[in-house]
Structures are given as C-alpha cells and as structure tokens.
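K.L.:
For reference, this is start-v3.cif, and it has mmCIF, C-alpha atoms.
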```
data_final
loop_
_atom_site.label_atom_id
_atom_site.label_comp_id
_atom_site.auth_asym_id
_atom_site.auth_seq_id
_atom_site.Cartn_x
_atom_site.Cartn_y
_atom_site.Cartn_z
CA MET A 1 0.00 0.00 0.00
CA VAL A 2 0.96 3.62 -0.52
CA LYS A 3 1.94 4.98 2.89
CA LEU A 4 3.42 8.40 2.30
CA THR A 5 3.58 10.97 -0.49
CA MET A 6 5.70 14.13 -0.60
CA LEU A 7 6.71 16.61 -3.30
CA ALA A 8 9.71 18.93 -3.08
CA ARG A 9 11.62 21.39 -5.24
CA VAL A 10 14.93 19.80 -6.14
CA ILE A 11 17.15 22.87 -6.19
CA ASP A 12 16.67 23.67 -2.49
CA GLY A 13 14.64 20.78 -1.03
CA LEU A 14 11.65 23.04 -0.31
CA PRO A 15 8.56 20.87 0.46
CA LEU A 16 5.79 21.76 -1.96
CA ALA A 17 2.94 19.36 -1.09
CA GLU A 18 2.18 16.31 1.02
CA GLY A 19 -0.63 13.85 1.62
CA LEU A 20 -2.13 15.31 4.80
CA ASP A 21 -3.19 12.00 6.33
CA ASP A 22 -0.02 10.19 5.29
CA GLY A 23 1.74 8.29 8.05
CA ARG A 24 -1.24 7.78 10.36
CA ASP A 25 -1.03 4.03 9.94
CA VAL A 26 2.78 3.94 9.90
CA GLN A 27 4.73 3.26 13.07
CA ASP A 28 7.53 5.82 13.52
CA SER A 29 6.11 7.94 10.70
CA ASP A 30 8.10 10.99 11.87
CA PHE A 31 11.30 8.97 11.50
CA TYR A 32 10.52 8.12 7.87
CA LYS A 33 9.45 11.68 7.10
CA GLN A 34 12.81 12.85 8.42
CA GLN A 35 14.51 10.39 6.09
CA VAL A 36 12.51 11.83 3.20
CA LYS A 37 13.68 15.34 4.10
CA SER A 38 17.26 14.06 4.23
CA LEU A 39 16.83 12.56 0.77
CA PHE A 40 15.51 15.89 -0.53
CA LYS A 41 18.50 17.62 1.06
CA ASN A 42 20.87 15.24 -0.70
CA LEU A 43 19.18 15.88 -4.03
CA SER A 44 19.46 19.65 -3.52
CA ARG A 45 23.26 19.30 -3.38
CA GLY A 46 23.27 18.46 -7.08
CA GLN A 47 24.84 15.02 -6.83
CA ASN A 48 23.63 13.95 -10.29
CA ALA A 49 21.22 11.46 -8.73
CA PRO A 50 19.21 9.21 -11.06
CA SER A 51 15.89 10.69 -12.17
CA ARG A 52 14.18 7.52 -10.92
CA MET A 53 15.26 5.44 -7.97
CA SER A 54 13.92 3.14 -5.25
CA VAL A 55 15.41 3.35 -1.76
CA GLU A 56 14.81 0.57 0.76
CA THR A 57 14.21 1.57 4.37
CA GLY A 58 13.06 -0.93 7.00
CA PRO A 59 9.82 -2.62 5.88
CA TYR A 60 9.20 0.08 3.26
CA VAL A 61 10.60 1.43 0.01
CA PHE A 62 10.85 5.05 -1.10
CA HIS A 63 10.18 5.43 -4.83
CA TYR A 64 10.86 8.79 -6.45
CA ILE A 65 10.96 10.45 -9.83
CA ILE A 66 12.50 13.80 -10.72
CA GLU A 67 10.93 15.79 -13.52
CA GLY A 68 11.85 19.37 -14.24
CA SER A 69 12.55 20.97 -10.89
CA VAL A 70 10.36 18.71 -8.72
CA CYS A 71 10.93 15.42 -6.92
CA TYR A 72 7.80 13.27 -6.50
CA LEU A 73 8.26 10.66 -3.76
CA THR A 74 6.11 7.95 -2.26
CA MET A 75 6.75 5.35 0.44
CA CYS A 76 5.14 1.93 0.00
CA ASP A 77 5.24 -1.49 1.59
CA ARG A 78 8.05 -3.62 0.18
CA ALA A 79 5.49 -6.00 -1.28
CA TYR A 80 3.74 -3.23 -3.20
CA PRO A 81 4.42 -3.54 -6.96
CA LYS A 82 7.17 -1.20 -8.10
CA LYS A 83 5.39 -0.65 -11.39
CA LEU A 84 2.24 0.67 -9.72
CA ALA A 85 4.27 2.95 -7.44
CA TYR A 86 5.91 4.64 -10.40
CA GLN A 87 2.68 4.94 -12.36
CA TYR A 88 1.12 6.55 -9.28
CA LEU A 89 3.97 9.07 -9.24
CA GLU A 90 3.55 9.70 -12.96
CA ASP A 91 -0.13 10.53 -12.41
CA LEU A 92 0.83 12.99 -9.67
CA LYS A 93 3.52 14.56 -11.85
CA ASN A 94 1.22 15.08 -14.81
CA GLU A 95 -1.48 16.78 -12.73
CA PHE A 96 0.96 18.86 -10.66
CA GLU A 97 2.70 20.17 -13.77
CA ARG A 98 -0.66 20.99 -15.35
CA ALA A 99 -1.97 22.82 -12.27
CA TYR A 100 1.17 24.50 -10.88
CA GLY A 101 3.93 24.17 -13.47
CA ASN A 102 4.40 27.93 -13.87
CA GLN A 103 4.43 28.60 -10.10
CA ILE A 104 7.05 26.10 -8.92
CA GLU A 105 10.11 28.32 -9.33
CA THR A 106 8.54 31.26 -7.48
CA ALA A 107 7.22 29.31 -4.47
CA ALA A 108 8.69 30.97 -1.38
CA ARG A 109 7.21 29.06 1.56
CA PRO A 110 6.95 25.36 2.49
CA TYR A 111 3.83 23.51 1.32
CA ALA A 112 2.77 26.37 -0.93
CA PHE A 113 0.64 23.88 -2.91
CA ILE A 114 -1.00 22.09 0.01
CA LYS A 115 -4.30 22.10 -1.90
CA PHE A 116 -2.76 19.44 -4.13
CA ASP A 117 -3.48 17.04 -1.25
CA THR A 118 -7.00 16.61 -2.64
CA PHE A 119 -5.63 15.10 -5.83
CA ILE A 120 -3.08 13.02 -3.88
CA GLN A 121 -5.81 11.44 -1.76
CA LYS A 122 -8.06 10.76 -4.74
CA THR A 123 -5.25 9.18 -6.75
CA LYS A 124 -3.89 7.18 -3.82
CA LYS A 125 -7.26 5.48 -3.36
CA LEU A 126 -7.12 4.28 -6.96
CA TYR A 127 -3.76 2.61 -6.35
CA GLN A 128 -4.29 1.13 -2.89
CA ASP A 129 -5.82 -2.18 -3.95
CA THR A 130 -3.52 -4.00 -6.35
CA ARG A 131 -6.27 -6.52 -7.18
CA THR A 132 -8.61 -4.14 -8.96
CA GLN A 133 -8.94 -4.69 -12.70
CA ARG A 134 -7.61 -1.21 -13.31
CA ASN A 135 -4.36 -1.91 -11.46
CA ILE A 136 -4.04 -5.41 -12.90
CA ASN A 137 -4.21 -3.84 -16.35
CA LYS A 138 -1.50 -1.35 -15.38
CA LEU A 139 0.72 -4.16 -14.12
CA ASN A 140 0.31 -5.90 -17.46
CA ASP A 141 0.99 -2.75 -19.44
CA GLU A 142 4.27 -3.37 -21.26
CA LEU A 143 4.63 0.27 -22.25
CA TYR A 144 5.83 1.20 -18.79
CA GLU A 145 8.72 -0.90 -17.50
CA VAL A 146 10.69 -0.36 -14.30
CA HIS A 147 13.32 -3.11 -14.49
CA GLN A 148 16.12 -0.62 -15.13
CA ILE A 149 15.31 1.60 -12.14
CA MET A 150 18.04 1.33 -9.52
CA THR A 151 17.28 0.10 -5.98
CA ARG A 152 19.57 1.14 -3.13
CA ASN A 153 19.59 1.09 0.67
CA VAL A 154 18.73 4.27 2.55
CA GLN A 155 21.95 4.15 4.61
CA GLU A 156 23.94 3.98 1.41
CA VAL A 157 22.10 6.93 -0.11
CA LEU A 158 22.10 9.13 2.99
CA GLY A 159 25.68 8.14 3.75
CA VAL A 160 26.77 10.06 0.66
CA GLY A 161 25.23 13.20 2.10
CA GLU A 162 26.77 12.59 5.51
CA LYS A 163 30.21 12.25 3.93
CA LEU A 164 29.69 15.49 2.05
CA ASP A 165 28.67 17.20 5.29
CA GLN A 166 31.83 15.87 6.95
CA VAL A 167 33.98 17.13 4.09
CA SER A 168 32.28 20.53 4.28
CA GLN A 169 32.78 20.70 8.05
CA MET A 170 36.41 19.65 7.70
CA SER A 171 36.98 22.28 5.02
CA SER A 172 35.42 24.98 7.22
CA ARG A 173 37.52 23.88 10.17
CA LEU A 174 40.72 23.92 8.10
CA THR A 175 39.88 27.39 6.78
CA SER A 176 39.31 28.64 10.32
CA GLU A 177 42.49 27.04 11.60
CA SER A 178 44.48 28.48 8.67
CA ARG A 179 43.17 31.95 9.49
CA ILE A 180 44.17 31.54 13.15
CA TYR A 181 47.60 30.25 12.12
CA ALA A 182 48.11 33.24 9.81
CA GLU A 183 47.26 35.66 12.62
CA LYS A 184 49.66 33.90 14.99
CA ALA A 185 52.38 33.97 12.32
CA LYS A 186 51.92 37.75 11.95
CA ASP A 187 52.22 38.20 15.73
CA LEU A 188 55.38 36.07 15.86
CA ASN A 189 56.94 38.03 12.99
CA ARG A 190 56.08 41.28 14.72
CA GLN A 191 57.61 40.09 17.98
CA ALA A 192 60.74 38.87 16.16
CA LEU A 193 61.17 42.27 14.49
CA ILE A 194 60.78 44.01 17.84
CA ARG A 195 63.39 41.74 19.48
CA LYS A 196 65.74 42.27 16.56
CA TRP A 197 65.54 46.04 16.26
CA ALA A 198 64.73 47.10 19.83
CA PRO A 199 68.43 47.09 20.95
CA VAL A 200 69.38 49.12 17.88
CA ALA A 201 66.60 51.59 18.62
CA VAL A 202 67.77 51.90 22.24
CA VAL A 203 71.39 52.52 21.17
CA LEU A 204 70.32 55.08 18.60
CA GLY A 205 68.12 56.71 21.20
CA VAL A 206 71.01 56.96 23.67
CA VAL A 207 73.36 58.34 21.01
CA PHE A 208 70.80 60.93 19.98
CA LEU A 209 70.21 61.91 23.61
CA VAL A 210 73.94 62.32 24.29
CA PHE A 211 74.39 64.33 21.11
CA TRP A 212 71.48 66.60 22.05
CA LEU A 213 72.78 67.08 25.61
CA ARG A 214 76.24 67.93 24.36
CA ARG A 215 74.91 70.56 21.99
CA LYS A 216 72.65 72.03 24.64
CA PHE A 217 75.08 72.28 27.54
CA TRP A 218 78.59 72.24 26.09
#
```
Give the structure from this file in structure tokens form.
P.N.:
Amino acid sequence: MVKLTMLARVIDGLPLAEGLDDGRDVQDSDFYKQQVKSLFKNLSRGQNAPSRMSVETGPYVFHYIIEGSVCYLTMCDRAYPKKLAYQYLEDLKNEFERAYGNQIETAARPYAFIKFDTFIQKTKKLYQDTRTQRNINKLNDELYEVHQIMTRNVQEVLGVGEKLDQVSQMSSRLTSESRIYAEKAKDLNRQALIRKWAPVAVVLGVVFLVFWLRRKFW
C-alpha cells in the first residue's frame, strides 16, 4: 500500500505538497518523514542522482521520480508492486505540472501547494488495492517498464550526504584554523622584528640623547 507521499523542489529541497493524512497508519512515521527530508536535502546538493530510484528503508521502500525541478516521492510497503508505485507518481507529476507548473520556481514558503493534497488522496485510493482490474491492467501494461530503475539502501544513499557534510565541516575547520595560524604567524613576525631592532633603537636613542645634551650644555 501507498503509505506516504511528498513533493519537493529539487534545487533547495523546499517541500511543496504532502498527503495530509499520510503516516497515520505507519509506526515511527516521523522517523521516515525525516529520512525523506534528508533525501531531498541530498538531491538539492546536485549530486547527479538518477531521475528515478527506489530506496529501501526498514519494511518500506521510497520510490521517487525527478521531472523538471520537482521530486515526487512515495513510500510503499516492500510487497507493493514497483510498477504501480511509479505509475502513481507519474499521475501525480502530470497533474501537478498541469496545475502548478508555472508557479514552482517562485514558491517561497513550504507547502505552498498544500491544496494538491485533494488530488493526492483521490489518486492514492485508486492505487491502494492491487487486485482491482484497473491496477491489474497497469501491471500488465508493457509500455511502462521499471526493471532498469536502480534500488539502493537508505543508509547507502544518505551516507553520501553525511560524507559530504563531513567534508564541508572539515573544510570549514581547516579554513578557520588556517586563518588563526596566519594571525599567529603575523604576531610572531612582529615580535621577532621588535626583538631584533629594539636594541638598535635603544642605542640610537642613547646616542641621539647624548648628542642633544652635548649641543645644549657644552
């Protein structure tokens, strides 16, 4: 069964729409929603991710497609047919592009298209029962094949993002440490110059003072 549906803008991971009652029958639904947000965050980094991919997580599978600037994602039971999951996402994509295609780039707040939930709920009901004649026909439709769509584990996918975060943090730390080192190097050079030229300055000062006293009093 379809358990969760979320749409997000790829460039920045901004959530655009969600099935409002999604997750009510899913244990630890907040945990899986957080994984979805992490996936969106990874995609926003521009990692050249496949436009279609399935990601296994616990007893479920995330299926997503990327079209234009939007990622359409659903979470289903592992036993749910992959083919139906992707056709469900295609139906959502076609309607979302028709209704909001010219507003996606200018959306400025999360869930700007929350009204799309009505279509999500209506479409999800059509795909819930895999035994209906409609869905059996879709499973037998040879025009839409999903054999080439990659399936990966969520730890593997999110691990890429975690490594990138670590690299970014390390780079920031090195930059900060380099700046501190440069400041310390300037201070050390300044102190070395003072130690080197201070005696000379003192001698010159004494000589000048003696010369001035001699001219003034002698």
K.L.:
Point out the residue among A:Leu209, A:Ala198, A:Met1, A:Val146 with the least atom-to-atom distance to Val26 in chain A, counting all atoms listed in the file.
P.N.:
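So, comparing all the options, the nearest one is A:Met1.
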K.L.:
Take CA of Gly46 in chain A and CA of Glu67 in chain A and report the distance between them in Å, one decimal.
P.N.:
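Distance between the two atoms: 14.2 Å.
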K.L.:
What is the distance between CA of Leu4 in chain A and CA of Gln27 in chain A, in Å to one decimal?
P.N.:
12.0 Å
K.L.:
Would you please work out which residue, of A:Ile120, A:Val203, A:Leu84, A:Leu89, is nearest to Glu18 in chain A when using all atoms listed in the file?
P.N.:
A:Ile120
K.L.:
In Å, how far is it from CA of Tyr64 in chain A to CA of Asp141 in chain A?
P.N.:
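A separation of 20.0 Å between them.
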K.L.:
Set up a box along x, y and z of the file covering all listed atoms of range 20-37 of chain A, add 8 Å on every one of the six sides, and write the centre and edge lengths in Å to one decimal, as AutoDock Vina command-line options.
P.N.:
```
--center_x 5.7 --center_y 9.3 --center_z 8.4 --size_x 33.7 --size_y 28.1 --size_z 26.3
```
K.L.:
May I ask which of the residues A:Gln155, A:Gln148, A:Gln128, A:Asn189 is the closest one to Ala85 in chain A, counting all atoms listed in the file?
P.N.:
A:Gln128
K.L.:
What's the 12 Å shell around Thr57 in chain A, counting only C-alpha atoms, without same-chain residues fewer than 2 positions away, as a list of chain:residue names?
P.N.:
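Here the qualifying residues turn out to be A:Phe31, A:Tyr32, A:Lys33, A:Gln35, A:Val36, A:Leu39, A:Ser54, A:Val55, A:Pro59, A:Tyr60, A:Val61, A:Phe62, A:His63, A:Met75, A:Cys76, A:Asp77, A:Arg78, A:Thr151, A:Arg152, A:Asn153, A:Val154, A:Gln155, A:Glu156, A:Val157, A:Leu158.
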K.L.:
Next, dump the selected residues to file, keeping only C-alpha atoms, as a tab-separated table (two decimals), in the frame of the given file.
P.N.:
```tsv
chain	number	residue	atom	x	y	z
A	31	PHE	CA	11.30	8.97	11.50
A	32	TYR	CA	10.52	8.12	7.87
A	33	LYS	CA	9.45	11.68	7.10
A	35	GLN	CA	14.51	10.39	6.09
A	36	VAL	CA	12.51	11.83	3.20
A	39	LEU	CA	16.83	12.56	0.77
A	54	SER	CA	13.92	3.14	-5.25
A	55	VAL	CA	15.41	3.35	-1.76
A	59	PRO	CA	9.82	-2.62	5.88
A	60	TYR	CA	9.20	0.08	3.26
A	61	VAL	CA	10.60	1.43	0.01
A	62	PHE	CA	10.85	5.05	-1.10
A	63	HIS	CA	10.18	5.43	-4.83
A	75	MET	CA	6.75	5.35	0.44
A	76	CYS	CA	5.14	1.93	0.00
A	77	ASP	CA	5.24	-1.49	1.59
A	78	ARG	CA	8.05	-3.62	0.18
A	151	THR	CA	17.28	0.10	-5.98
A	152	ARG	CA	19.57	1.14	-3.13
A	153	ASN	CA	19.59	1.09	0.67
A	154	VAL	CA	18.73	4.27	2.55
A	155	GLN	CA	21.95	4.15	4.61
A	156	GLU	CA	23.94	3.98	1.41
A	157	VAL	CA	22.10	6.93	-0.11
A	158	LEU	CA	22.10	9.13	2.99
```
K.L.:
Taking the file as shown, find all residues satisfying the PyMOL selection byres ((chain A and resi 8) around 8) and write them as a list in words.
P.N.:
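For this structure, the PyMOL selection byres ((chain A and resi 8) around 8) resolves to Met6, Leu7, Arg9, Val10, Gly13, Leu14, Pro15, Leu16, Ala17, Phe40, Val70, Cys71 and Tyr72 of chain A.
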K.L.:
Considering all atoms listed in the file, can you say which of A:Gly58, A:Lys138, A:Ile11, A:Arg45 comes closest to Ala107 in chain A?
P.N.:
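Among A:Gly58, A:Lys138, A:Ile11, A:Arg45, it is A:Ile11 that comes nearest to Ala107 in chain A.
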K.L.:
So, with only C-alpha atoms as the atoms that count, which of A:Leu20, A:Gln121, A:Ser69, A:Lys186 lies closest to Leu43 in chain A?
P.N.:
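Ranking A:Leu20, A:Gln121, A:Ser69, A:Lys186 by distance to Leu43 in chain A, first place goes to A:Ser69.
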K.L.:
In terms of the shortest atom-to-atom distance over only C-alpha atoms, which of A:Ile114, A:Ala108, A:Phe208, A:Asp187 is closest to Asp12 in chain A?
P.N.:
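Ranking A:Ile114, A:Ala108, A:Phe208, A:Asp187 by distance to Asp12 in chain A, first place goes to A:Ala108.
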K.L.:
Can you list, as a list in words, every protein, DNA or RNA residue that comes within 12 Å of Arg131 in chain A when you count all atoms listed in the file, leaving out same-chain residues fewer than 4 positions away?
P.N.:
Met1, Tyr80, Pro81, Leu84, Leu126, Tyr127, Asn135, Ile136, Asn137, Lys138 and Leu139 of chain A
K.L.:
Any chance you could export the current selection's C-alpha atoms as a JSON list (two decimals), keeping the file's coordinate frame?
P.N.:
```json
[["chain", "number", "residue", "atom", "x", "y", "z"],
["A", 1, "MET", "CA", 0.00, 0.00, 0.00],
["A", 80, "TYR", "CA", 3.74, -3.23, -3.20],
["A", 81, "PRO", "CA", 4.42, -3.54, -6.96],
["A", 84, "LEU", "CA", 2.24, 0.67, -9.72],
["A", 126, "LEU", "CA", -7.12, 4.28, -6.96],
["A", 127, "TYR", "CA", -3.76, 2.61, -6.35],
["A", 135, "ASN", "CA", -4.36, -1.91, -11.46],
["A", 136, "ILE", "CA", -4.04, -5.41, -12.90],
["A", 137, "ASN", "CA", -4.21, -3.84, -16.35],
["A", 138, "LYS", "CA", -1.50, -1.35, -15.38],
["A", 139, "LEU", "CA", 0.72, -4.16, -14.12]]
```
K.L.:
Starting from the incomplete input, reconstruct all heavy atoms of range 53-64 of chain A and report them as a short mmCIF file (atom, residue, chain, number, x, y, z; two decimals), keeping the file's coordinate frame.
P.N.:
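Written file, selection36.cif:
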```cif
data_model
loop_
_atom_site.label_atom_id
_atom_site.label_comp_id
_atom_site.auth_asym_id
_atom_site.auth_seq_id
_atom_site.Cartn_x
_atom_site.Cartn_y
_atom_site.Cartn_z
N MET A 53 14.54 6.37 -8.83
CA MET A 53 15.26 5.44 -7.97
C MET A 53 14.35 4.95 -6.86
O MET A 53 13.43 5.64 -6.43
CB MET A 53 16.51 6.10 -7.36
CG MET A 53 17.40 5.11 -6.61
SD MET A 53 19.09 5.72 -6.35
CE MET A 53 18.80 7.02 -5.15
N SER A 54 14.62 3.73 -6.39
CA SER A 54 13.92 3.14 -5.25
C SER A 54 14.92 2.99 -4.12
O SER A 54 16.05 2.54 -4.34
CB SER A 54 13.31 1.79 -5.61
OG SER A 54 12.34 1.93 -6.63
N VAL A 55 14.50 3.37 -2.91
CA VAL A 55 15.41 3.35 -1.76
C VAL A 55 14.76 2.54 -0.64
O VAL A 55 13.71 2.94 -0.10
CB VAL A 55 15.71 4.79 -1.27
CG1 VAL A 55 16.70 4.76 -0.12
CG2 VAL A 55 16.25 5.64 -2.42
N GLU A 56 15.36 1.44 -0.28
CA GLU A 56 14.81 0.57 0.76
C GLU A 56 15.09 1.13 2.15
O GLU A 56 16.20 1.56 2.45
CB GLU A 56 15.41 -0.83 0.63
CG GLU A 56 15.07 -1.51 -0.68
CD GLU A 56 15.76 -2.86 -0.84
OE1 GLU A 56 16.77 -3.09 -0.12
OE2 GLU A 56 15.31 -3.68 -1.66
N THR A 57 14.06 1.10 3.00
CA THR A 57 14.21 1.57 4.37
C THR A 57 13.29 0.75 5.27
O THR A 57 12.06 0.88 5.20
CB THR A 57 13.90 3.08 4.50
OG1 THR A 57 13.93 3.46 5.89
CG2 THR A 57 12.55 3.43 3.90
N GLY A 58 13.87 -0.09 6.12
CA GLY A 58 13.06 -0.93 7.00
C GLY A 58 12.09 -1.77 6.19
O GLY A 58 12.45 -2.37 5.17
N PRO A 59 10.81 -1.81 6.61
CA PRO A 59 9.82 -2.62 5.88
C PRO A 59 9.23 -1.90 4.67
O PRO A 59 8.30 -2.39 4.04
CB PRO A 59 8.73 -2.85 6.93
CG PRO A 59 8.81 -1.64 7.80
CD PRO A 59 10.26 -1.24 7.85
N TYR A 60 9.77 -0.73 4.33
CA TYR A 60 9.20 0.08 3.26
C TYR A 60 10.23 0.37 2.17
O TYR A 60 11.43 0.07 2.31
CB TYR A 60 8.67 1.40 3.82
CG TYR A 60 7.70 1.23 4.96
CD1 TYR A 60 8.06 1.55 6.27
CD2 TYR A 60 6.42 0.73 4.73
CE1 TYR A 60 7.17 1.38 7.32
CE2 TYR A 60 5.52 0.56 5.78
CZ TYR A 60 5.91 0.88 7.07
OH TYR A 60 5.02 0.69 8.11
N VAL A 61 9.74 0.98 1.11
CA VAL A 61 10.60 1.43 0.01
C VAL A 61 10.16 2.83 -0.42
O VAL A 61 8.97 3.07 -0.62
CB VAL A 61 10.53 0.49 -1.21
CG1 VAL A 61 11.48 0.98 -2.31
CG2 VAL A 61 10.88 -0.94 -0.82
N PHE A 62 11.12 3.75 -0.50
CA PHE A 62 10.85 5.05 -1.10
C PHE A 62 11.03 4.90 -2.61
O PHE A 62 12.06 4.40 -3.07
CB PHE A 62 11.84 6.12 -0.61
CG PHE A 62 11.76 6.42 0.86
CD1 PHE A 62 12.90 6.39 1.64
CD2 PHE A 62 10.56 6.75 1.45
CE1 PHE A 62 12.85 6.68 2.99
CE2 PHE A 62 10.49 7.05 2.80
CZ PHE A 62 11.64 7.01 3.58
N HIS A 63 10.04 5.36 -3.38
CA HIS A 63 10.18 5.43 -4.83
C HIS A 63 10.08 6.92 -5.20
O HIS A 63 9.21 7.63 -4.69
CB HIS A 63 9.06 4.67 -5.54
CG HIS A 63 8.95 3.23 -5.15
ND1 HIS A 63 9.82 2.27 -5.62
CD2 HIS A 63 8.07 2.58 -4.34
CE1 HIS A 63 9.48 1.08 -5.12
NE2 HIS A 63 8.42 1.25 -4.34
N TYR A 64 10.98 7.39 -6.05
CA TYR A 64 10.86 8.79 -6.45
C TYR A 64 11.18 8.96 -7.92
O TYR A 64 11.90 8.16 -8.53
CB TYR A 64 11.74 9.70 -5.60
CG TYR A 64 13.22 9.68 -5.91
CD1 TYR A 64 13.73 10.28 -7.06
CD2 TYR A 64 14.13 9.08 -5.04
CE1 TYR A 64 15.08 10.28 -7.34
CE2 TYR A 64 15.49 9.07 -5.31
CZ TYR A 64 15.96 9.68 -6.46
OH TYR A 64 17.31 9.68 -6.75
#
```
